[in-house]
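A.B. asks: Would you mind keeping the following structure in view while I ask a few things?
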Amino acid sequence: MTLTKKTVKVGMADMGYCLAPNSIGSSGLGSCVAIVIYPANGAAAALAHVMLPDASIRRNDDFNRAKYADTAVPLLLETMQRLGPFRNATLRAKIAGGANMFQRLSTVDPMMKIGERNTEVAREALKQANIPIMADVTGGSEGRSVVFSLKDQSLSVRTIHSGTKIY
Amino acid sequence: MVTISRTELDKIREISNIGLGQAATSLSQLLDMPCKMTVPAVTVTGFDDIIALAGGAENEVAAISLKMEGAFRATMLFIFPAAHVSSIVKQLTGEQSGILEGIGHSALREFGNIITGAYVATFADLTKLNVRSSIPDVVIDMAGAAITPSLLPLSLYGDDVILIQTNFNDWFEKSPERFQAQFYLLPEPGSMNVLRTALEGMPS
């Protein structure tokens, strides 16, 4: 039997997971940050596409944990626990995104500078969970598409102007 | 979940139809070619659906973004395929190169001012709300990355938004590709009560 490899696509403010030998990715990240968590043995991976830094800034009651960096990390950890008996100590992370897309508007609207904040909170949440960040492809002013492959635990990052790089 | 009544949707559609009609007239004069527009569609939609309307998260687009500020707050976005940037810049500036840096970006920002200026003036006139538009900003990148920053103020309230969408077609009649530009108005949910009251004063 041959296994057909596939790539799970995760939308904005959403999360997903995949098992080896598949891949998981998210497209057109601007200020959003993709957080990928996987065990060192590469058996599974979970990805969240977060839009905002922390859940405390929300102004509504319906609560989507995948949308905020601070709540997405615990959600990813819970997902990994459901997928297998992975100990936190063996987990690794890769993150990408957090760009500042509108350089001019961000001078008048702090909301436009949220990419930087998303990245900071994602790093902090991972640090608290004791998960090392193996690749941190953040900042700048370009949109990114990412695919994490369980085959070699690589994160491929594509931008329009700089092409595809592997981290 | 954002809620809005049918009557309110109809009124917003009417304002947008008049305002964007004037924008289309300005554009055809500026570009010296016919510019047609569709009747604005007003819907409540999810973030991913908006990105899908712009051709998907990885589609290369030019996005001109402005804020409507004052008594009512909203984001205005004018989006068109990145492939058409250089011909629009050439048309606006008379330069042959259609370069993106410097003069090209200024030309696109001015383009955004013209489109949204007519819209904001009509909006203020009909709703009697004191609104103005911010400085424009331009980004040429993947649709997901270019559009998401405009959704952020709305994302604090939930995972869906009120979308007023109009397509502009046939700018380049000789072009084999059919040109499609889109105008989006995304009201901030915190401003919806102000708009509701203003709409009540308008004849149906």
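Letters for chains follow the order of the structure tokens (A, B, ...), residue numbers begin at 1 for each chain, and ligand numbers begin at 1 in the order shown.
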What are the residues of chain B lining chain A at 9 Å or less? Count only C-alpha atoms, and put the answer as a ChimeraX atom specification.
C.D. replies: /B:1,47-48,56-60,65-67,134-139,141-150,152-153,155-159
A.B. asks: For the helix (DSSP H, G or I) assignment from backbone DSSP, which residues of region 3-167 of chain A qualify? Please present them as a VMD selection string.
C.D. replies: chain A and resid 55 to 57 65 to 67 69 to 83 88 to 90 105 to 108 110 to 128
A.B. asks: For Pro74 (chain A), list every protein, DNA or RNA residue within 12 Å, evaluated using only C-alpha atoms, and leave out those in the same chain fewer than 3 positions away; present the list as number ranges by chain.
C.D. replies: A: 15, 35, 37, 46-48, 65-66, 68-71, 77-81, 88, 122, 125-131
A.B. asks: Kindly save the residues from that selection, with N, CA, C and O atoms included, as a compact mmCIF listing (two decimals), in the first residue's frame.
C.D. replies:
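Below you can see result.txt, which holds the result:
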# COMPACT_ATOMS: atom_id res chain seq x y z
N MET A 15 -7.22 26.36 13.77
CA MET A 15 -6.10 25.47 14.02
C MET A 15 -6.38 24.13 13.39
O MET A 15 -7.52 23.81 13.06
N ILE A 35 1.85 29.23 14.36
CA ILE A 35 2.61 28.55 15.41
C ILE A 35 2.46 27.05 15.16
O ILE A 35 1.34 26.54 15.14
N ILE A 37 3.55 23.22 16.48
CA ILE A 37 4.13 22.44 17.57
C ILE A 37 4.19 20.98 17.13
O ILE A 37 3.24 20.47 16.52
N ALA A 46 0.73 20.16 15.08
CA ALA A 46 -0.49 20.98 15.17
C ALA A 46 -0.09 22.41 14.86
O ALA A 46 0.98 22.88 15.24
N LEU A 47 -0.96 23.10 14.10
CA LEU A 47 -0.67 24.48 13.68
C LEU A 47 -1.84 25.39 14.02
O LEU A 47 -3.00 25.04 13.78
N ALA A 48 -1.54 26.57 14.56
CA ALA A 48 -2.57 27.58 14.79
C ALA A 48 -2.20 28.83 13.99
O ALA A 48 -1.03 29.20 13.92
N ARG A 65 -10.31 30.15 20.72
CA ARG A 65 -8.95 30.11 21.30
C ARG A 65 -7.85 30.14 20.25
O ARG A 65 -6.74 30.56 20.52
N ALA A 66 -8.16 29.67 19.03
CA ALA A 66 -7.14 29.63 17.99
C ALA A 66 -6.80 31.02 17.46
O ALA A 66 -5.82 31.21 16.76
N TYR A 68 -6.08 33.81 19.24
CA TYR A 68 -5.16 34.58 20.07
C TYR A 68 -3.89 33.79 20.38
O TYR A 68 -3.98 32.60 20.74
N ALA A 69 -2.73 34.47 20.32
CA ALA A 69 -1.45 33.78 20.55
C ALA A 69 -1.39 33.15 21.94
O ALA A 69 -0.94 32.01 22.08
N ASP A 70 -1.88 33.87 22.97
CA ASP A 70 -1.73 33.34 24.34
C ASP A 70 -2.61 32.12 24.61
O ASP A 70 -2.25 31.26 25.41
N THR A 71 -3.77 32.02 23.96
CA THR A 71 -4.64 30.87 24.19
C THR A 71 -4.41 29.76 23.16
O THR A 71 -4.77 28.61 23.39
N LEU A 77 -1.15 22.44 22.66
CA LEU A 77 -0.64 21.41 23.57
C LEU A 77 -1.69 20.36 23.87
O LEU A 77 -1.42 19.15 23.83
N GLU A 78 -2.92 20.81 24.12
CA GLU A 78 -4.02 19.86 24.37
C GLU A 78 -4.23 18.97 23.16
O GLU A 78 -4.49 17.76 23.28
N THR A 79 -4.14 19.57 21.97
CA THR A 79 -4.33 18.79 20.74
C THR A 79 -3.25 17.73 20.61
O THR A 79 -3.53 16.58 20.27
N MET A 80 -2.00 18.10 20.91
CA MET A 80 -0.91 17.13 20.84
C MET A 80 -1.14 15.99 21.83
O MET A 80 -0.87 14.83 21.51
N GLN A 81 -1.67 16.31 23.01
CA GLN A 81 -1.92 15.26 24.01
C GLN A 81 -2.98 14.29 23.52
O GLN A 81 -2.92 13.09 23.81
N ASN A 88 5.72 17.23 27.19
CA ASN A 88 6.08 18.60 26.81
C ASN A 88 7.57 18.74 26.51
O ASN A 88 7.97 19.48 25.63
N ALA A 122 3.45 35.10 21.23
CA ALA A 122 3.64 33.70 20.83
C ALA A 122 4.93 33.15 21.45
O ALA A 122 4.94 32.06 22.02
N ALA A 125 4.43 32.70 25.26
CA ALA A 125 3.57 31.56 25.60
C ALA A 125 4.33 30.24 25.42
O ALA A 125 4.17 29.30 26.21
N LEU A 126 5.17 30.17 24.38
CA LEU A 126 5.95 28.95 24.15
C LEU A 126 7.01 28.77 25.23
O LEU A 126 7.28 27.66 25.69
N LYS A 127 7.60 29.90 25.65
CA LYS A 127 8.62 29.87 26.70
C LYS A 127 8.00 29.34 28.00
O LYS A 127 8.58 28.49 28.68
N GLN A 128 6.81 29.86 28.31
CA GLN A 128 6.12 29.42 29.53
C GLN A 128 5.81 27.94 29.49
O GLN A 128 5.80 27.27 30.52
N ALA A 129 5.49 27.43 28.30
CA ALA A 129 5.18 26.00 28.17
C ALA A 129 6.45 25.16 28.05
O ALA A 129 6.37 23.94 27.92
N ASN A 130 7.60 25.84 28.08
CA ASN A 130 8.89 25.14 28.03
C ASN A 130 9.14 24.46 26.68
O ASN A 130 9.72 23.38 26.62
N ILE A 131 8.67 25.09 25.61
CA ILE A 131 8.85 24.50 24.28
C ILE A 131 9.85 25.35 23.50
O ILE A 131 9.61 26.54 23.27
A.B. asks: Mind the document's chain letters and residue numbers, and return as a short mmCIF file (atom, residue, chain, number, x, y, z; two decimals) with all heavy atoms, in the first residue's frame the residues of region 3-203 of chain B that DSSP labels strand (DSSP E).
C.D. replies:
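Writing done, so here's selection-v2.cif:
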data_model
loop_
_atom_site.label_atom_id
_atom_site.label_comp_id
_atom_site.auth_asym_id
_atom_site.auth_seq_id
_atom_site.Cartn_x
_atom_site.Cartn_y
_atom_site.Cartn_z
N LYS B 36 -17.26 50.44 -15.48
CA LYS B 36 -18.58 49.98 -15.04
C LYS B 36 -18.47 49.39 -13.65
O LYS B 36 -17.43 48.87 -13.27
CB LYS B 36 -19.10 48.90 -16.00
CG LYS B 36 -19.34 49.40 -17.40
CD LYS B 36 -19.75 48.24 -18.27
CE LYS B 36 -19.66 48.62 -19.76
NZ LYS B 36 -19.60 47.42 -20.60
N MET B 37 -19.56 49.45 -12.89
CA MET B 37 -19.55 48.84 -11.57
C MET B 37 -20.80 48.01 -11.34
O MET B 37 -21.82 48.24 -11.97
CB MET B 37 -19.45 49.91 -10.49
CG MET B 37 -20.56 50.94 -10.55
SD MET B 37 -20.59 52.02 -9.12
CE MET B 37 -21.65 51.09 -8.01
N ALA B 41 -23.05 44.60 -3.14
CA ALA B 41 -23.64 43.49 -2.39
C ALA B 41 -23.30 43.69 -0.92
O ALA B 41 -22.15 43.96 -0.58
CB ALA B 41 -23.06 42.17 -2.88
N VAL B 42 -24.29 43.63 -0.05
CA VAL B 42 -24.04 43.80 1.38
C VAL B 42 -24.33 42.47 2.07
O VAL B 42 -25.44 41.94 1.97
CB VAL B 42 -24.94 44.90 1.97
CG1 VAL B 42 -24.57 45.17 3.43
CG2 VAL B 42 -24.83 46.18 1.17
N THR B 43 -23.32 41.90 2.72
CA THR B 43 -23.51 40.60 3.37
C THR B 43 -22.78 40.58 4.71
O THR B 43 -21.90 41.39 4.96
CB THR B 43 -22.90 39.46 2.52
OG1 THR B 43 -21.59 39.85 2.12
CG2 THR B 43 -23.73 39.15 1.30
N VAL B 44 -23.16 39.63 5.54
CA VAL B 44 -22.40 39.35 6.76
C VAL B 44 -21.60 38.09 6.45
O VAL B 44 -22.17 37.08 6.05
CB VAL B 44 -23.32 39.13 7.97
CG1 VAL B 44 -22.51 38.75 9.20
CG2 VAL B 44 -24.12 40.39 8.25
N THR B 45 -20.28 38.17 6.58
CA THR B 45 -19.47 37.07 6.08
C THR B 45 -18.26 36.80 6.98
O THR B 45 -17.88 37.64 7.77
CB THR B 45 -19.05 37.38 4.62
OG1 THR B 45 -18.40 36.26 4.08
CG2 THR B 45 -18.12 38.56 4.53
N GLY B 46 -17.68 35.61 6.85
CA GLY B 46 -16.51 35.21 7.66
C GLY B 46 -15.21 35.72 7.05
O GLY B 46 -15.17 36.07 5.87
N GLU B 60 -1.89 37.32 -5.76
CA GLU B 60 -1.15 38.58 -5.66
C GLU B 60 -2.04 39.76 -6.02
O GLU B 60 -2.56 39.84 -7.12
CB GLU B 60 0.07 38.55 -6.59
CG GLU B 60 1.14 37.60 -6.10
CD GLU B 60 2.36 37.59 -7.00
OE1 GLU B 60 2.70 38.66 -7.54
OE2 GLU B 60 2.95 36.51 -7.16
N VAL B 61 -2.23 40.65 -5.05
CA VAL B 61 -3.12 41.79 -5.26
C VAL B 61 -2.43 43.09 -4.83
O VAL B 61 -1.45 43.08 -4.10
CB VAL B 61 -4.43 41.67 -4.45
CG1 VAL B 61 -5.22 40.44 -4.88
CG2 VAL B 61 -4.16 41.63 -2.95
N ALA B 62 -3.00 44.19 -5.32
CA ALA B 62 -2.65 45.50 -4.77
C ALA B 62 -3.83 45.90 -3.90
O ALA B 62 -4.98 45.80 -4.33
CB ALA B 62 -2.45 46.51 -5.89
N ALA B 63 -3.56 46.30 -2.66
CA ALA B 63 -4.63 46.71 -1.76
C ALA B 63 -4.36 48.13 -1.30
O ALA B 63 -3.29 48.43 -0.79
CB ALA B 63 -4.71 45.78 -0.55
N ILE B 64 -5.34 49.02 -1.54
CA ILE B 64 -5.24 50.39 -1.05
C ILE B 64 -6.21 50.46 0.13
O ILE B 64 -7.39 50.16 -0.02
CB ILE B 64 -5.64 51.41 -2.13
CG1 ILE B 64 -4.81 51.18 -3.40
CG2 ILE B 64 -5.45 52.84 -1.62
CD1 ILE B 64 -5.25 52.00 -4.59
N SER B 65 -5.68 50.81 1.30
CA SER B 65 -6.49 50.79 2.51
C SER B 65 -6.60 52.18 3.11
O SER B 65 -5.62 52.91 3.18
CB SER B 65 -5.84 49.82 3.50
OG SER B 65 -6.55 49.81 4.71
N LEU B 66 -7.80 52.56 3.51
CA LEU B 66 -8.05 53.82 4.20
C LEU B 66 -9.04 53.57 5.32
O LEU B 66 -9.82 52.63 5.27
CB LEU B 66 -8.67 54.87 3.27
CG LEU B 66 -7.88 55.38 2.08
CD1 LEU B 66 -8.26 54.60 0.86
CD2 LEU B 66 -8.18 56.85 1.87
N LYS B 67 -9.03 54.45 6.30
CA LYS B 67 -9.99 54.38 7.39
C LYS B 67 -11.05 55.45 7.19
O LYS B 67 -10.71 56.57 6.81
CB LYS B 67 -9.30 54.68 8.73
CG LYS B 67 -8.26 53.68 9.10
CD LYS B 67 -8.91 52.63 9.92
CE LYS B 67 -7.92 51.54 10.27
NZ LYS B 67 -8.60 50.38 10.77
N MET B 68 -12.32 55.12 7.46
CA MET B 68 -13.33 56.17 7.58
C MET B 68 -13.34 56.51 9.07
O MET B 68 -13.47 55.61 9.91
CB MET B 68 -14.70 55.69 7.10
CG MET B 68 -15.65 56.85 6.81
SD MET B 68 -17.34 56.33 6.43
CE MET B 68 -17.20 55.76 4.76
N GLU B 69 -13.14 57.78 9.39
CA GLU B 69 -13.00 58.18 10.78
C GLU B 69 -14.03 59.23 11.14
O GLU B 69 -14.65 59.81 10.28
CB GLU B 69 -11.59 58.76 11.02
CG GLU B 69 -10.49 57.76 10.80
CD GLU B 69 -9.10 58.40 10.81
OE1 GLU B 69 -8.97 59.57 10.39
OE2 GLU B 69 -8.16 57.73 11.23
N GLY B 70 -14.18 59.50 12.44
CA GLY B 70 -15.13 60.49 12.91
C GLY B 70 -16.27 59.80 13.63
O GLY B 70 -16.05 58.85 14.40
N ALA B 74 -14.94 52.85 9.88
CA ALA B 74 -14.96 51.68 9.02
C ALA B 74 -13.63 51.62 8.28
O ALA B 74 -12.89 52.61 8.24
CB ALA B 74 -16.10 51.76 8.02
N THR B 75 -13.34 50.47 7.71
CA THR B 75 -12.17 50.35 6.85
C THR B 75 -12.65 50.28 5.41
O THR B 75 -13.62 49.59 5.12
CB THR B 75 -11.38 49.08 7.20
OG1 THR B 75 -10.86 49.23 8.51
CG2 THR B 75 -10.23 48.86 6.23
N MET B 76 -11.99 51.03 4.53
CA MET B 76 -12.28 50.96 3.10
C MET B 76 -11.09 50.32 2.42
O MET B 76 -9.95 50.70 2.66
CB MET B 76 -12.51 52.37 2.54
CG MET B 76 -13.72 53.05 3.14
SD MET B 76 -13.89 54.77 2.56
CE MET B 76 -12.63 55.57 3.54
N LEU B 77 -11.37 49.35 1.57
CA LEU B 77 -10.30 48.65 0.87
C LEU B 77 -10.61 48.64 -0.62
O LEU B 77 -11.75 48.35 -1.01
CB LEU B 77 -10.27 47.19 1.32
CG LEU B 77 -9.32 46.72 2.40
CD1 LEU B 77 -9.57 45.23 2.64
CD2 LEU B 77 -7.88 46.95 2.03
N PHE B 78 -9.63 48.99 -1.41
CA PHE B 78 -9.79 48.88 -2.85
C PHE B 78 -8.73 47.89 -3.32
O PHE B 78 -7.54 48.08 -3.09
CB PHE B 78 -9.60 50.25 -3.52
CG PHE B 78 -10.03 50.26 -4.95
CD1 PHE B 78 -11.38 50.22 -5.27
CD2 PHE B 78 -9.09 50.31 -5.96
CE1 PHE B 78 -11.79 50.21 -6.61
CE2 PHE B 78 -9.49 50.30 -7.29
CZ PHE B 78 -10.84 50.26 -7.61
N ILE B 79 -9.19 46.80 -3.94
CA ILE B 79 -8.29 45.69 -4.27
C ILE B 79 -8.35 45.39 -5.77
O ILE B 79 -9.44 45.33 -6.35
CB ILE B 79 -8.72 44.41 -3.51
CG1 ILE B 79 -8.69 44.69 -2.00
CG2 ILE B 79 -7.81 43.24 -3.82
CD1 ILE B 79 -9.44 43.66 -1.22
N PHE B 80 -7.21 45.20 -6.37
CA PHE B 80 -7.19 44.76 -7.77
C PHE B 80 -5.96 43.87 -8.00
O PHE B 80 -5.02 43.89 -7.21
CB PHE B 80 -7.25 45.93 -8.74
CG PHE B 80 -6.21 46.98 -8.52
CD1 PHE B 80 -5.00 46.92 -9.19
CD2 PHE B 80 -6.44 48.03 -7.65
CE1 PHE B 80 -4.03 47.89 -8.98
CE2 PHE B 80 -5.48 49.01 -7.44
CZ PHE B 80 -4.27 48.94 -8.11
N PRO B 81 -5.99 43.08 -9.11
CA PRO B 81 -4.88 42.15 -9.33
C PRO B 81 -3.55 42.89 -9.47
O PRO B 81 -3.47 43.91 -10.14
CB PRO B 81 -5.24 41.47 -10.65
CG PRO B 81 -6.71 41.67 -10.80
CD PRO B 81 -7.03 42.95 -10.14
N VAL B 131 -18.05 62.41 8.95
CA VAL B 131 -16.98 61.43 8.70
C VAL B 131 -15.95 62.00 7.73
O VAL B 131 -16.24 62.88 6.94
CB VAL B 131 -17.53 60.10 8.12
CG1 VAL B 131 -18.27 59.32 9.18
CG2 VAL B 131 -18.40 60.33 6.90
N ARG B 132 -14.75 61.48 7.83
CA ARG B 132 -13.67 61.87 6.91
C ARG B 132 -12.81 60.63 6.65
O ARG B 132 -12.94 59.63 7.36
CB ARG B 132 -12.82 62.98 7.53
CG ARG B 132 -12.20 62.55 8.84
CD ARG B 132 -11.43 63.62 9.55
NE ARG B 132 -10.88 63.05 10.78
CZ ARG B 132 -11.53 62.94 11.94
NH1 ARG B 132 -12.79 63.37 12.04
NH2 ARG B 132 -10.98 62.39 12.99
N SER B 133 -11.95 60.72 5.64
CA SER B 133 -11.08 59.55 5.40
C SER B 133 -9.65 59.85 5.82
O SER B 133 -9.19 60.98 5.75
CB SER B 133 -11.16 59.09 3.95
OG SER B 133 -10.89 60.15 3.08
N ASP B 137 -2.94 53.94 2.39
CA ASP B 137 -1.72 53.16 2.38
C ASP B 137 -1.86 52.07 1.32
O ASP B 137 -2.97 51.61 1.05
CB ASP B 137 -1.46 52.55 3.76
CG ASP B 137 0.02 52.30 4.02
OD1 ASP B 137 0.82 52.37 3.07
OD2 ASP B 137 0.38 52.05 5.18
N VAL B 138 -0.75 51.68 0.73
CA VAL B 138 -0.79 50.71 -0.36
C VAL B 138 0.12 49.54 -0.04
O VAL B 138 1.22 49.74 0.46
CB VAL B 138 -0.26 51.36 -1.67
CG1 VAL B 138 -0.21 50.33 -2.79
CG2 VAL B 138 -1.11 52.53 -2.07
N VAL B 139 -0.35 48.33 -0.32
CA VAL B 139 0.53 47.18 -0.21
C VAL B 139 0.26 46.26 -1.39
O VAL B 139 -0.87 46.11 -1.83
CB VAL B 139 0.39 46.48 1.17
CG1 VAL B 139 -1.00 45.95 1.38
CG2 VAL B 139 1.40 45.36 1.33
N ILE B 140 1.34 45.71 -1.96
CA ILE B 140 1.20 44.76 -3.06
C ILE B 140 1.77 43.45 -2.55
O ILE B 140 2.98 43.34 -2.32
CB ILE B 140 1.95 45.25 -4.32
CG1 ILE B 140 1.34 46.59 -4.76
CG2 ILE B 140 1.86 44.23 -5.44
CD1 ILE B 140 2.21 47.39 -5.69
N ASP B 141 0.90 42.49 -2.32
CA ASP B 141 1.36 41.23 -1.70
C ASP B 141 0.25 40.18 -1.82
O ASP B 141 -0.74 40.39 -2.51
CB ASP B 141 1.72 41.48 -0.22
CG ASP B 141 2.83 40.55 0.27
OD1 ASP B 141 2.73 39.34 0.03
OD2 ASP B 141 3.77 41.05 0.89
N MET B 142 0.42 39.06 -1.11
CA MET B 142 -0.60 38.02 -1.10
C MET B 142 -1.89 38.58 -0.49
O MET B 142 -1.82 39.34 0.49
CB MET B 142 -0.15 36.85 -0.25
CG MET B 142 1.12 36.19 -0.72
SD MET B 142 1.57 34.87 0.43
CE MET B 142 3.18 34.42 -0.20
N ASP B 160 -16.89 37.32 12.19
CA ASP B 160 -17.52 37.70 10.93
C ASP B 160 -17.72 39.21 10.87
O ASP B 160 -17.63 39.89 11.88
CB ASP B 160 -18.84 36.95 10.69
CG ASP B 160 -19.76 37.05 11.88
OD1 ASP B 160 -19.55 37.94 12.73
OD2 ASP B 160 -20.69 36.25 11.97
N VAL B 161 -17.92 39.72 9.67
CA VAL B 161 -18.00 41.17 9.47
C VAL B 161 -19.09 41.51 8.46
O VAL B 161 -19.51 40.66 7.70
CB VAL B 161 -16.66 41.72 8.93
CG1 VAL B 161 -15.55 41.57 9.94
CG2 VAL B 161 -16.27 41.05 7.62
N ILE B 162 -19.52 42.78 8.51
CA ILE B 162 -20.44 43.26 7.47
C ILE B 162 -19.57 43.69 6.30
O ILE B 162 -18.64 44.47 6.46
CB ILE B 162 -21.26 44.46 7.98
CG1 ILE B 162 -22.13 44.01 9.17
CG2 ILE B 162 -22.13 45.02 6.86
CD1 ILE B 162 -22.77 45.18 9.88
N LEU B 163 -19.87 43.14 5.14
CA LEU B 163 -19.06 43.43 3.96
C LEU B 163 -19.93 44.08 2.90
O LEU B 163 -20.97 43.55 2.52
CB LEU B 163 -18.47 42.13 3.40
CG LEU B 163 -17.79 42.23 2.04
CD1 LEU B 163 -16.46 42.96 2.16
CD2 LEU B 163 -17.58 40.86 1.43
N ILE B 164 -19.51 45.28 2.44
CA ILE B 164 -20.17 45.93 1.32
C ILE B 164 -19.20 45.82 0.16
O ILE B 164 -18.10 46.36 0.21
CB ILE B 164 -20.50 47.39 1.66
CG1 ILE B 164 -21.55 47.41 2.78
CG2 ILE B 164 -21.04 48.14 0.44
CD1 ILE B 164 -21.23 48.27 3.92
N GLN B 165 -19.57 45.03 -0.83
CA GLN B 165 -18.64 44.70 -1.90
C GLN B 165 -19.14 45.13 -3.26
O GLN B 165 -20.29 44.88 -3.62
CB GLN B 165 -18.40 43.19 -1.91
CG GLN B 165 -17.28 42.76 -2.82
CD GLN B 165 -17.56 41.45 -3.49
OE1 GLN B 165 -18.50 40.74 -3.14
NE2 GLN B 165 -16.76 41.12 -4.48
N THR B 166 -18.30 45.82 -4.02
CA THR B 166 -18.65 46.24 -5.37
C THR B 166 -17.52 45.85 -6.31
O THR B 166 -16.35 46.03 -5.97
CB THR B 166 -18.83 47.77 -5.42
OG1 THR B 166 -19.84 48.11 -4.50
CG2 THR B 166 -19.25 48.24 -6.79
N ASN B 167 -17.85 45.33 -7.47
CA ASN B 167 -16.82 45.02 -8.46
C ASN B 167 -16.81 46.08 -9.54
O ASN B 167 -17.87 46.54 -9.98
CB ASN B 167 -17.09 43.66 -9.11
CG ASN B 167 -16.96 42.53 -8.12
OD1 ASN B 167 -16.40 42.70 -7.04
ND2 ASN B 167 -17.50 41.38 -8.48
N PHE B 168 -15.64 46.48 -9.95
CA PHE B 168 -15.48 47.38 -11.09
C PHE B 168 -14.92 46.55 -12.24
O PHE B 168 -13.94 45.84 -12.06
CB PHE B 168 -14.49 48.50 -10.76
CG PHE B 168 -14.99 49.45 -9.72
CD1 PHE B 168 -14.85 49.18 -8.37
CD2 PHE B 168 -15.59 50.64 -10.09
CE1 PHE B 168 -15.31 50.06 -7.41
CE2 PHE B 168 -16.05 51.53 -9.13
CZ PHE B 168 -15.90 51.24 -7.79
N ASN B 169 -15.56 46.65 -13.41
CA ASN B 169 -15.14 45.81 -14.54
C ASN B 169 -14.80 46.65 -15.77
O ASN B 169 -15.16 47.80 -15.86
CB ASN B 169 -16.28 44.89 -14.98
CG ASN B 169 -16.87 44.15 -13.83
OD1 ASN B 169 -16.15 43.65 -13.00
ND2 ASN B 169 -18.18 44.11 -13.78
N GLN B 180 -10.85 42.92 -12.87
CA GLN B 180 -11.81 42.95 -11.78
C GLN B 180 -11.18 43.65 -10.60
O GLN B 180 -10.20 43.19 -10.06
CB GLN B 180 -12.17 41.52 -11.36
CG GLN B 180 -13.16 40.86 -12.28
CD GLN B 180 -14.55 40.82 -11.66
OE1 GLN B 180 -14.69 40.81 -10.45
NE2 GLN B 180 -15.56 40.80 -12.48
N ALA B 181 -11.73 44.77 -10.24
CA ALA B 181 -11.29 45.44 -9.02
C ALA B 181 -12.45 45.39 -8.05
O ALA B 181 -13.60 45.33 -8.45
CB ALA B 181 -10.90 46.87 -9.31
N GLN B 182 -12.14 45.39 -6.75
CA GLN B 182 -13.20 45.30 -5.76
C GLN B 182 -13.05 46.40 -4.73
O GLN B 182 -11.94 46.76 -4.36
CB GLN B 182 -13.12 43.94 -5.04
CG GLN B 182 -13.29 42.77 -5.99
CD GLN B 182 -13.02 41.46 -5.28
OE1 GLN B 182 -12.17 41.35 -4.42
NE2 GLN B 182 -13.76 40.44 -5.67
N PHE B 183 -14.20 46.94 -4.33
CA PHE B 183 -14.21 47.90 -3.23
C PHE B 183 -14.91 47.24 -2.05
O PHE B 183 -15.99 46.68 -2.21
CB PHE B 183 -14.98 49.17 -3.64
CG PHE B 183 -15.20 50.13 -2.50
CD1 PHE B 183 -14.24 51.07 -2.17
CD2 PHE B 183 -16.37 50.10 -1.75
CE1 PHE B 183 -14.42 51.95 -1.11
CE2 PHE B 183 -16.58 50.97 -0.68
CZ PHE B 183 -15.59 51.90 -0.37
N TYR B 184 -14.27 47.28 -0.86
CA TYR B 184 -14.89 46.74 0.35
C TYR B 184 -15.05 47.85 1.37
O TYR B 184 -14.14 48.65 1.57
CB TYR B 184 -14.01 45.69 1.03
CG TYR B 184 -13.71 44.43 0.27
CD1 TYR B 184 -12.69 43.58 0.70
CD2 TYR B 184 -14.42 44.06 -0.87
CE1 TYR B 184 -12.38 42.41 0.03
CE2 TYR B 184 -14.12 42.90 -1.55
CZ TYR B 184 -13.11 42.07 -1.10
OH TYR B 184 -12.80 40.92 -1.76
N LEU B 185 -16.20 47.90 2.00
CA LEU B 185 -16.38 48.74 3.18
C LEU B 185 -16.65 47.80 4.35
O LEU B 185 -17.55 46.97 4.29
CB LEU B 185 -17.54 49.72 3.01
CG LEU B 185 -17.78 50.62 4.23
CD1 LEU B 185 -16.81 51.78 4.26
CD2 LEU B 185 -19.21 51.16 4.25
N LEU B 186 -15.83 47.94 5.40
CA LEU B 186 -15.97 47.05 6.56
C LEU B 186 -16.22 47.90 7.80
O LEU B 186 -15.29 48.44 8.39
CB LEU B 186 -14.67 46.25 6.74
CG LEU B 186 -14.23 45.40 5.54
CD1 LEU B 186 -12.75 45.09 5.58
CD2 LEU B 186 -15.03 44.11 5.49
N PRO B 187 -17.49 48.08 8.20
CA PRO B 187 -17.79 48.92 9.37
C PRO B 187 -17.28 48.27 10.65
O PRO B 187 -17.34 47.04 10.79
CB PRO B 187 -19.32 48.99 9.39
CG PRO B 187 -19.78 48.46 8.08
CD PRO B 187 -18.73 47.53 7.60
#
A.B. asks: B:Val85, B:Leu9, B:Ala24, B:Ile4: which is nearest Ile115 (chain B), counting only C-alpha atoms?
C.D. replies: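 Distance minimum relative to Ile115 (chain B) lands on B:Ala24.
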